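Here is data-v1.cif, consisting of mmCIF, C-alpha atoms:
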data_query
loop_
_atom_site.label_atom_id
_atom_site.label_comp_id
_atom_site.auth_asym_id
_atom_site.auth_seq_id
_atom_site.Cartn_x
_atom_site.Cartn_y
_atom_site.Cartn_z
CA MET A 71 -11.80 7.12 15.79
CA PRO A 72 -9.62 8.17 14.02
CA GLU A 73 -7.32 9.28 16.84
CA LEU A 74 -3.90 10.93 16.76
CA PRO A 75 -1.96 7.95 15.29
CA GLU A 76 -4.47 7.50 12.47
CA VAL A 77 -4.54 11.21 11.62
CA GLU A 78 -0.75 11.46 11.70
CA THR A 79 -0.44 8.33 9.55
CA THR A 80 -2.81 9.95 7.04
CA ARG A 81 -0.76 13.17 7.06
CA ARG A 82 2.49 11.31 6.46
CA GLY A 83 0.94 9.43 3.58
CA LEU A 84 -0.42 12.58 1.95
CA HIS A 85 2.52 14.92 2.53
CA PRO A 86 4.97 13.84 -0.22
CA HIS A 87 2.19 13.80 -2.83
CA LEU A 88 0.60 17.14 -1.93
CA VAL A 89 3.26 19.67 -1.00
CA GLY A 90 4.00 22.07 -3.85
CA ARG A 91 0.91 21.15 -5.87
CA VAL A 92 -1.99 23.40 -6.81
CA ILE A 93 -5.63 22.57 -6.06
CA VAL A 94 -7.34 22.93 -9.47
CA ASP A 95 -10.83 21.90 -8.36
CA ALA A 96 -12.78 21.24 -5.17
CA GLN A 97 -16.09 19.38 -5.13
CA ILE A 98 -18.52 18.87 -2.27
CA HIS A 99 -21.00 16.29 -3.51
CA GLN A 100 -24.67 17.18 -3.46
CA GLY A 101 -26.35 16.36 -0.16
CA PHE A 102 -23.17 16.64 1.89
CA GLU A 103 -22.97 20.42 2.28
CA ARG A 104 -22.79 20.00 6.06
CA LEU A 105 -19.14 19.03 5.52
CA CYS A 106 -18.40 22.76 5.23
CA LEU A 107 -17.85 24.07 8.76
CA ASN A 108 -18.83 27.69 9.50
CA THR A 109 -19.13 28.46 5.78
CA ASN A 110 -20.89 27.35 2.60
CA VAL A 111 -19.78 25.31 -0.39
CA LYS A 112 -19.22 28.32 -2.66
CA GLU A 113 -17.04 30.16 -0.16
CA LEU A 114 -15.02 27.10 0.83
CA THR A 115 -14.29 25.96 -2.71
CA HIS A 116 -13.43 29.53 -3.75
CA ARG A 117 -10.78 29.72 -1.03
CA LEU A 118 -9.32 26.34 -2.04
CA ILE A 119 -9.22 26.42 -5.84
CA GLY A 120 -6.01 27.87 -7.25
CA GLN A 121 -4.08 27.55 -4.00
CA ARG A 122 -0.77 25.75 -3.73
CA ILE A 123 -0.33 23.42 -0.77
CA ILE A 124 2.78 24.68 1.02
CA ASP A 125 2.94 22.25 3.94
CA THR A 126 0.95 19.75 6.02
CA HIS A 127 0.56 19.67 9.80
CA ARG A 128 -1.46 17.95 12.47
CA TYR A 129 -2.81 19.17 15.80
CA GLY A 130 -4.52 16.55 17.92
CA LYS A 131 -7.06 14.93 15.59
CA TYR A 132 -7.01 17.80 13.08
CA LEU A 133 -5.26 17.75 9.69
CA ILE A 134 -3.97 21.15 8.60
CA PHE A 135 -2.85 22.12 5.09
CA SER A 136 -1.00 25.44 4.72
CA LEU A 137 -2.02 27.23 1.52
CA SER A 138 -0.14 29.76 -0.61
CA SER A 139 -2.80 32.39 0.21
CA GLY A 140 -1.75 32.25 3.86
CA ASP A 141 -4.97 30.44 4.76
CA SER A 142 -5.13 27.05 6.46
CA PHE A 143 -7.34 24.24 5.22
CA VAL A 144 -8.44 22.34 8.35
CA VAL A 145 -9.92 18.83 8.10
CA HIS A 146 -11.45 16.86 10.97
CA LEU A 147 -12.06 13.20 10.13
CA ARG A 148 -14.40 12.71 13.12
CA MET A 149 -15.67 9.12 13.46
CA THR A 150 -15.33 7.57 10.01
CA GLY A 151 -13.57 10.08 7.76
CA ALA A 152 -10.60 9.21 5.54
CA LEU A 153 -8.56 11.09 2.93
CA VAL A 154 -7.42 8.73 0.19
CA LEU A 155 -5.18 9.41 -2.81
CA ARG A 156 -6.65 8.42 -6.17
CA GLU A 157 -5.24 7.99 -9.66
CA PRO A 158 -6.83 9.68 -12.70
CA GLY A 159 -10.13 8.17 -13.79
CA THR A 160 -10.97 6.66 -10.40
CA LEU A 161 -14.74 6.54 -9.95
CA THR A 162 -16.54 8.12 -7.03
CA GLY A 163 -16.84 5.54 -4.25
CA LYS A 164 -20.04 4.76 -2.36
CA TYR A 165 -19.03 6.83 0.65
CA GLU A 166 -17.15 9.62 -1.08
CA ARG A 167 -18.51 12.98 0.11
CA ALA A 168 -16.00 15.36 -1.49
CA ARG A 169 -12.80 15.46 -3.52
CA LEU A 170 -9.92 17.74 -4.39
CA SER A 171 -8.28 17.65 -7.82
CA LEU A 172 -4.58 18.51 -8.06
CA GLU A 173 -2.53 19.80 -10.94
CA SER A 174 -0.90 17.04 -12.99
CA THR A 175 2.77 16.31 -12.46
CA MET A 176 5.17 13.79 -13.96
CA ASN A 177 6.46 12.95 -10.48
CA CYS A 178 3.16 11.74 -9.01
CA MET A 179 0.46 9.40 -10.32
CA PHE A 180 -2.14 10.70 -7.86
CA GLU A 181 -4.31 13.57 -9.05
CA THR A 182 -7.26 13.35 -6.64
CA ILE A 183 -7.80 13.33 -2.88
CA SER A 184 -11.05 11.55 -2.07
CA PHE A 185 -12.80 12.30 1.21
CA GLN A 186 -14.72 9.24 2.36
CA ASP A 187 -17.04 9.36 5.36
CA VAL A 188 -19.62 6.70 6.18
CA ARG A 189 -21.21 8.53 9.12
CA ARG A 190 -20.96 12.03 7.56
CA PHE A 191 -19.59 13.73 10.67
CA GLY A 192 -16.30 14.97 9.15
CA THR A 193 -15.69 18.68 8.58
CA TRP A 194 -13.71 20.93 6.21
CA ASN A 195 -12.87 24.53 7.00
CA VAL A 196 -10.64 27.25 5.54
CA VAL A 197 -9.40 29.82 8.04
CA GLY A 198 -6.85 32.61 8.16
CA ASP A 199 -5.13 31.12 11.23
CA PHE A 200 -5.24 27.37 11.76
CA GLU A 201 -6.01 27.86 15.46
CA ASP A 202 -9.34 29.42 14.42
CA GLY A 203 -10.28 26.06 12.95
CA LEU A 204 -9.65 24.09 16.15
CA ALA A 205 -12.06 23.41 18.98
CA VAL A 206 -12.30 26.03 21.70
CA ASN A 207 -10.18 25.28 24.81
CA ILE A 208 -8.22 22.52 23.09
CA GLY A 209 -5.19 21.36 25.05
CA PRO A 210 -1.63 20.75 23.84
CA ASP A 211 -1.02 18.11 21.21
CA ALA A 212 -0.08 14.81 22.86
CA LEU A 213 3.21 14.55 20.92
CA SER A 214 4.21 18.21 21.02
CA PRO A 215 6.87 19.79 23.29
CA ASN A 216 4.07 21.81 24.90
CA PHE A 217 2.69 18.65 26.45
CA SER A 218 4.85 17.78 29.46
CA PRO A 219 4.61 15.75 32.68
CA ASP A 220 4.22 18.98 34.66
CA HIS A 221 1.35 20.11 32.43
CA LEU A 222 -0.40 16.78 32.95
CA VAL A 223 0.10 16.94 36.73
CA SER A 224 -1.35 20.45 37.02
CA THR A 225 -4.27 19.69 34.68
CA LEU A 226 -5.34 16.47 36.40
CA ARG A 227 -5.24 18.14 39.82
CA ARG A 228 -8.05 20.43 38.64
CA LYS A 229 -10.29 17.57 37.47
CA SER A 230 -12.53 15.56 39.79
CA GLY A 231 -13.85 13.06 37.23
CA THR A 232 -12.36 9.72 36.26
CA ILE A 233 -8.98 9.48 34.60
CA LYS A 234 -10.71 7.93 31.57
CA SER A 235 -12.96 10.98 31.11
CA ALA A 236 -10.04 13.37 31.73
CA LEU A 237 -7.90 11.82 29.00
CA LEU A 238 -10.81 11.77 26.54
CA ASP A 239 -11.31 15.50 27.21
CA GLN A 240 -9.42 17.30 24.43
CA SER A 241 -8.82 20.27 26.74
CA THR A 242 -6.55 18.03 28.83
CA VAL A 243 -4.49 16.82 25.89
CA ALA A 244 -5.37 16.78 22.20
CA GLY A 245 -5.41 13.61 20.15
CA LEU A 246 -6.53 10.80 22.46
CA GLY A 247 -9.66 8.73 21.98
CA ASN A 248 -11.31 5.62 23.36
CA ILE A 249 -8.93 2.98 22.01
CA TYR A 250 -5.67 4.54 23.11
CA VAL A 251 -6.96 5.82 26.46
CA ASP A 252 -7.78 2.21 27.41
CA GLU A 253 -4.30 1.14 26.34
CA ILE A 254 -2.64 4.06 28.14
CA CYS A 255 -4.42 3.34 31.42
CA PHE A 256 -3.32 -0.30 31.19
CA MET A 257 0.30 0.63 30.48
CA ALA A 258 0.28 3.04 33.45
CA GLY A 259 -1.35 0.46 35.74
CA LEU A 260 -4.27 2.80 36.45
CA ASP A 261 -7.88 1.80 36.97
CA PRO A 262 -9.78 3.96 34.44
CA ARG A 263 -12.37 4.73 37.15
CA LYS A 264 -9.81 6.36 39.45
CA ARG A 265 -10.43 10.05 40.15
CA SER A 266 -7.98 12.28 38.31
CA ASN A 267 -7.20 14.56 41.23
CA THR A 268 -6.26 11.61 43.47
CA ILE A 269 -3.42 10.35 41.27
CA SER A 270 0.04 10.97 42.71
CA LYS A 271 2.63 13.10 40.94
CA LYS A 272 4.82 10.02 40.47
CA LYS A 273 1.97 8.02 38.94
CA THR A 274 0.98 10.93 36.69
CA LYS A 275 4.50 11.03 35.28
CA GLU A 276 4.23 7.29 34.58
CA LEU A 277 0.96 8.06 32.84
CA PHE A 278 2.71 10.66 30.68
CA ILE A 279 5.30 8.08 29.61
CA ALA A 280 2.50 5.62 28.83
CA ILE A 281 0.84 8.21 26.57
CA GLN A 282 4.05 8.79 24.62
CA ASP A 283 4.90 5.09 24.33
CA THR A 284 1.39 4.00 23.34
CA LEU A 285 1.05 6.62 20.61
CA SER A 286 4.54 5.93 19.26
CA ARG A 287 3.86 2.19 18.99
CA ALA A 288 0.54 2.83 17.26
CA LEU A 289 2.24 5.14 14.76
CA GLU A 290 4.81 2.47 13.96
CA ARG A 291 1.94 0.14 13.02
CA GLY A 292 0.06 2.68 10.91
CA GLY A 293 -2.73 3.33 13.39
CA ALA A 294 -5.68 1.11 14.31
CA SER A 295 -8.29 0.14 11.75
CA PHE A 296 -11.59 -0.18 13.54
CA LYS A 297 -14.46 -0.40 11.04
CA ASP A 298 -13.76 2.32 8.46
CA TYR A 299 -10.26 3.76 8.94
CA VAL A 300 -7.72 3.42 6.12
CA ASN A 301 -4.59 5.44 5.45
CA ALA A 302 -3.94 7.78 2.51
CA HIS A 303 -3.35 4.79 0.23
CA GLY A 304 -6.50 2.95 1.33
CA VAL A 305 -4.59 0.47 3.50
CA PRO A 306 -5.81 -0.50 7.03
CA GLY A 307 -3.53 0.01 10.01
CA GLY A 308 -2.29 -2.84 12.19
CA ALA A 309 -2.22 -1.34 15.69
CA LEU A 310 -5.51 -2.92 16.78
CA ASP A 311 -3.95 -6.38 16.51
CA HIS A 312 -1.41 -5.41 19.17
CA CYS A 313 -3.72 -3.96 21.84
CA TYR A 314 -3.27 -5.18 25.43
CA VAL A 315 -6.87 -4.61 26.55
CA TYR A 316 -8.99 -2.83 23.93
CA GLY A 317 -11.30 -5.27 22.14
CA ARG A 318 -10.09 -8.19 24.29
CA VAL A 319 -12.99 -8.55 26.74
CA GLY A 320 -13.16 -12.09 28.13
CA MET A 321 -9.61 -12.87 27.00
CA ASN A 322 -6.60 -13.41 29.26
CA CYS A 323 -4.34 -10.50 30.15
CA TYR A 324 -0.94 -10.80 28.49
CA LYS A 325 0.80 -9.76 31.72
CA CYS A 326 -1.04 -11.56 34.53
CA ASP A 327 -3.35 -14.05 32.78
CA ASN A 328 -6.42 -12.54 34.47
CA THR A 329 -9.59 -11.93 32.42
CA ILE A 330 -10.01 -8.60 30.64
CA LYS A 331 -13.23 -6.86 31.69
CA LYS A 332 -15.40 -4.28 29.94
CA ILE A 333 -17.40 -1.57 31.69
CA LYS A 334 -18.88 1.78 30.70
CA ILE A 335 -17.36 5.11 31.73
CA VAL A 336 -18.94 8.37 30.51
CA GLY A 337 -20.92 6.24 28.08
CA ARG A 338 -17.84 4.71 26.48
CA GLY A 339 -16.97 1.03 26.45
CA THR A 340 -13.86 0.66 28.61
CA HIS A 341 -11.53 -2.34 28.69
CA TYR A 342 -9.18 -3.04 31.61
CA CYS A 343 -7.46 -5.73 33.62
CA PRO A 344 -8.82 -5.89 37.21
CA LYS A 345 -5.49 -7.20 38.54
CA CYS A 346 -2.97 -5.05 36.65
CA GLN A 347 -5.12 -1.94 37.09
CA ARG A 348 -6.20 -2.20 40.72
CA ARG A 349 -7.84 0.85 42.30
#
Exercise: express the given structure as structure tokens:
Amino acid sequence: MPELPEVETTRRGLHPHLVGRVIVDAQIHQGFERLCLNTNVKELTHRLIGQRIIDTHRYGKYLIFSLSSGDSFVVHLRMTGALVLREPGTLTGKYERARLSLESTMNCMFETISFQDVRRFGTWNVVGDFEDGLAVNIGPDALSPNFSPDHLVSTLRRKSGTIKSALLDQSTVAGLGNIYVDEICFMAGLDPRKRSNTISKKKTKELFIAIQDTLSRALERGGASFKDYVNAHGVPGGALDHCYVYGRVGMNCYKCDNTIKKIKIVGRGTHYCPKCQRR
């Protein structure tokens, strides 16, 4: 958490208020210097201040801001990070770790982007090419044209672990996390313990459709707010209230009325329906 829907919801909320505006100040609060990935506070803030934000993008769970210098400002929210728009005079919140100040404009009331992060795992980085700011061996974005049924088929054939671990692996496909992988496996009728390289081509294509449908529905509901996630305006998402299995252990399955179970796979709590997702 946050996963692809939450990061994309954040990007969409920020985009109309950021594009075309200049970063006039960048502050990393004392004690949170670890936020700066592969650099230090002085270097990072130097490369941000004075730059105009040209565009916003997302790749997997990464937020990417294209700057007028040609650099890319890459933000990873990790477990509890959030970027929230603030009006002038807004005080620093308890969990604010950094903030960007934007040039004033008559067309927008927001002049600050506050980075909040309870667990302090989020990262900021400024790179010449945005791909340099992504994890090594990252796979195609789950909603990009580069991610296709054929890609998923060929990738899963090379993996001997469970389908749950394969989908959590960002080298398979970028953007999925624990919540949506549970939902995707349910929608595809797959036991999350099933070995990836034993899934048929037909079933893998159904899995691909389940990935697209699950992410699209979550985006429509503004992502899932589990503990700390809020969108760019500080508003929780509603996707968690519409989950079929995640967070519903002991409850009845909406499709078959069986009881939702919870087990652990690769150390992650995993929710599934024993009847709808038979091995």
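Distances from A:Pro75, A:Gly320, A:Val196, A:Asn267 to A:Asp283 were compared using all atoms listed in the file, and the smallest one belongs to A:Pro75.
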Within 9 Å of stretch 138-154 of chain A, which residues of stretch 185-301 of chain A show up? Give each one with its shortest atom-to-atom distance in Å (one decimal) and the two atoms involved, counting only C-alpha atoms, rows by chain then rising residue number, as a tab-separated table.
residue	atom	partner	partner_atom	distance
A:Phe185	CA	A:Leu153	CA	4.7
A:Gln186	CA	A:Ala152	CA	5.2
A:Asp187	CA	A:Gly151	CA	4.3
A:Val188	CA	A:Thr150	CA	5.8
A:Arg189	CA	A:Thr150	CA	6.0
A:Arg190	CA	A:Thr150	CA	7.6
A:Phe191	CA	A:Arg148	CA	5.8
A:Gly192	CA	A:Leu147	CA	4.7
A:Thr193	CA	A:His146	CA	5.2
A:Trp194	CA	A:Val145	CA	4.7
A:Asn195	CA	A:Val144	CA	5.1
A:Val196	CA	A:Phe143	CA	4.5
A:Val197	CA	A:Ser142	CA	5.3
A:Gly198	CA	A:Asp141	CA	4.5
A:Asp199	CA	A:Ser142	CA	6.3
A:Phe200	CA	A:Ser142	CA	5.3
A:Gly203	CA	A:Val144	CA	6.2
A:Leu204	CA	A:Val144	CA	8.1
A:Lys297	CA	A:Thr150	CA	8.1
A:Asp298	CA	A:Thr150	CA	5.7
A:Tyr299	CA	A:Thr150	CA	6.4
A:Val300	CA	A:Ala152	CA	6.5
A:Asn301	CA	A:Val154	CA	6.8
Check your understanding: Any idea what's packed within 12 Å of A:Gly317, counting only C-alpha atoms, ignoring anything in its chain fewer than 4 positions away? Could you give it as a list in words?
Key ->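 Contacts, with the query itself left out: Asn248, Ile249, Tyr250, Asp252, Glu253, Ala294, Phe296, Ala309, Leu310, Asp311, His312, Cys313, Met321, Asn322, Cys323, Ile330, Lys331, Lys332, Ile333, Gly339, Thr340, His341 and Tyr342 of chain A.
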Centre and size of axis-aligned box enclosing stretch 316-331 of chain A plus 8 Å each side, as AutoDock Vina command-line options:
--center_x -6.2 --center_y -8.4 --center_z 28.3 --size_x 30.0 --size_y 27.2 --size_z 28.4
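Atom pair atom CA of A:His303 / atom CA of A:Ala244: separated by 25.1 Å.
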Exercise for review: I would like the residues chosen by the PyMOL selection byres ((chain A and resi 291) around 7) on the shown file; could you give them as a list in words?
Suggested key: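 For this structure, the PyMOL selection byres ((chain A and resi 291) around 7) captures Arg287, Ala288, Leu289, Glu290, Gly292, Gly293, Gly307, Gly308 and Ala309 of chain A.
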**Study point:** Answer key for the PyMOL selection byres ((chain A and resi 255) around 9), residues as a ChimeraX atom specification
**Key:** /A:233-234,250-254,256-262,277,280-281,342,347
Review point. The PyMOL selection byres ((chain A and resi 119) around 7) on the file shown: which residues, as an MDAnalysis selection string?
Key: chainID A and resid 93:96 115:118 120:121
Generate a file of the selected residues that holds C-alpha atoms, formatted as a compact mmCIF listing (two decimals), in the coordinates of the input.
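That gives us selection.txt:
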# COMPACT_ATOMS: atom_id res chain seq x y z
CA ILE A 93 -5.63 22.57 -6.06
CA VAL A 94 -7.34 22.93 -9.47
CA ASP A 95 -10.83 21.90 -8.36
CA ALA A 96 -12.78 21.24 -5.17
CA THR A 115 -14.29 25.96 -2.71
CA HIS A 116 -13.43 29.53 -3.75
CA ARG A 117 -10.78 29.72 -1.03
CA LEU A 118 -9.32 26.34 -2.04
CA GLY A 120 -6.01 27.87 -7.25
CA GLN A 121 -4.08 27.55 -4.00
Practice item. May I ask which of the residues A:Tyr132, A:Thr182, A:Leu238, A:Leu74 is the closest one to A:Leu161, counting all atoms listed in the file? Key: A:Thr182
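When only C-alpha atoms are used to compute distances to A:Thr162, the closest of the residues A:Met179, A:Ile98, A:Leu237, A:Glu103 turns out to be A:Ile98.
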**Study point:** Atom pair atom CA of A:His127 / atom CA of A:Leu226: separation (Å)
**Key:**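 Distance between the two atoms: 27.4 Å.
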Practice item. Measuring atom to atom with only C-alpha atoms, identify which of A:Pro215, A:Gly231, A:Gly209, A:Pro306 is nearest to A:Gly245. Key: A:Gly209
**Study point:** Atom-to-atom span, atom CA of A:Arg122 and atom CA of A:Leu107, Å
**Key:**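 Calculated distance between atom CA of A:Arg122 and atom CA of A:Leu107 is 21.2 Å.
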Can you complete the atoms of stretch 268-282 of chain A to N, CA and C atoms and list them as a PDB file, in the frame of the given file?
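So out14.pdb came out as:
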ATOM      1  N   THR A 268      -6.825  12.439  42.387  1.00  0.00           N
ATOM      2  CA  THR A 268      -6.260  11.610  43.470  1.00  0.00           C
ATOM      3  C   THR A 268      -5.001  10.877  43.027  1.00  0.00           C
ATOM      4  N   ILE A 269      -4.602  11.048  41.792  1.00  0.00           N
ATOM      5  CA  ILE A 269      -3.420  10.350  41.270  1.00  0.00           C
ATOM      6  C   ILE A 269      -2.155  11.087  41.697  1.00  0.00           C
ATOM      7  N   SER A 270      -1.200  10.362  42.218  1.00  0.00           N
ATOM      8  CA  SER A 270       0.040  10.970  42.710  1.00  0.00           C
ATOM      9  C   SER A 270       0.852  11.574  41.577  1.00  0.00           C
ATOM     10  N   LYS A 271       1.755  12.468  41.937  1.00  0.00           N
ATOM     11  CA  LYS A 271       2.630  13.100  40.940  1.00  0.00           C
ATOM     12  C   LYS A 271       3.489  12.046  40.249  1.00  0.00           C
ATOM     13  N   LYS A 272       3.992  11.089  41.026  1.00  0.00           N
ATOM     14  CA  LYS A 272       4.820  10.020  40.470  1.00  0.00           C
ATOM     15  C   LYS A 272       4.028   9.187  39.459  1.00  0.00           C
ATOM     16  N   LYS A 273       2.792   8.840  39.828  1.00  0.00           N
ATOM     17  CA  LYS A 273       1.970   8.020  38.940  1.00  0.00           C
ATOM     18  C   LYS A 273       1.550   8.806  37.697  1.00  0.00           C
ATOM     19  N   THR A 274       1.350  10.101  37.849  1.00  0.00           N
ATOM     20  CA  THR A 274       0.980  10.930  36.690  1.00  0.00           C
ATOM     21  C   THR A 274       2.132  10.988  35.692  1.00  0.00           C
ATOM     22  N   LYS A 275       3.344  11.025  36.187  1.00  0.00           N
ATOM     23  CA  LYS A 275       4.500  11.030  35.280  1.00  0.00           C
ATOM     24  C   LYS A 275       4.627   9.682  34.560  1.00  0.00           C
ATOM     25  N   GLU A 276       4.265   8.604  35.236  1.00  0.00           N
ATOM     26  CA  GLU A 276       4.230   7.290  34.580  1.00  0.00           C
ATOM     27  C   GLU A 276       3.140   7.276  33.507  1.00  0.00           C
ATOM     28  N   LEU A 277       2.049   7.950  33.807  1.00  0.00           N
ATOM     29  CA  LEU A 277       0.960   8.060  32.840  1.00  0.00           C
ATOM     30  C   LEU A 277       1.417   8.833  31.606  1.00  0.00           C
ATOM     31  N   PHE A 278       2.169   9.887  31.803  1.00  0.00           N
ATOM     32  CA  PHE A 278       2.710  10.660  30.680  1.00  0.00           C
ATOM     33  C   PHE A 278       3.570   9.779  29.782  1.00  0.00           C
ATOM     34  N   ILE A 279       4.433   8.990  30.377  1.00  0.00           N
ATOM     35  CA  ILE A 279       5.300   8.080  29.610  1.00  0.00           C
ATOM     36  C   ILE A 279       4.444   7.069  28.847  1.00  0.00           C
ATOM     37  N   ALA A 280       3.385   6.588  29.486  1.00  0.00           N
ATOM     38  CA  ALA A 280       2.500   5.620  28.830  1.00  0.00           C
ATOM     39  C   ALA A 280       1.809   6.232  27.616  1.00  0.00           C
ATOM     40  N   ILE A 281       1.451   7.515  27.711  1.00  0.00           N
ATOM     41  CA  ILE A 281       0.840   8.210  26.570  1.00  0.00           C
ATOM     42  C   ILE A 281       1.820   8.259  25.404  1.00  0.00           C
ATOM     43  N   GLN A 282       3.041   8.683  25.677  1.00  0.00           N
ATOM     44  CA  GLN A 282       4.050   8.790  24.620  1.00  0.00           C
ATOM     45  C   GLN A 282       4.345   7.430  23.995  1.00  0.00           C
TER      46      GLN A 282
END
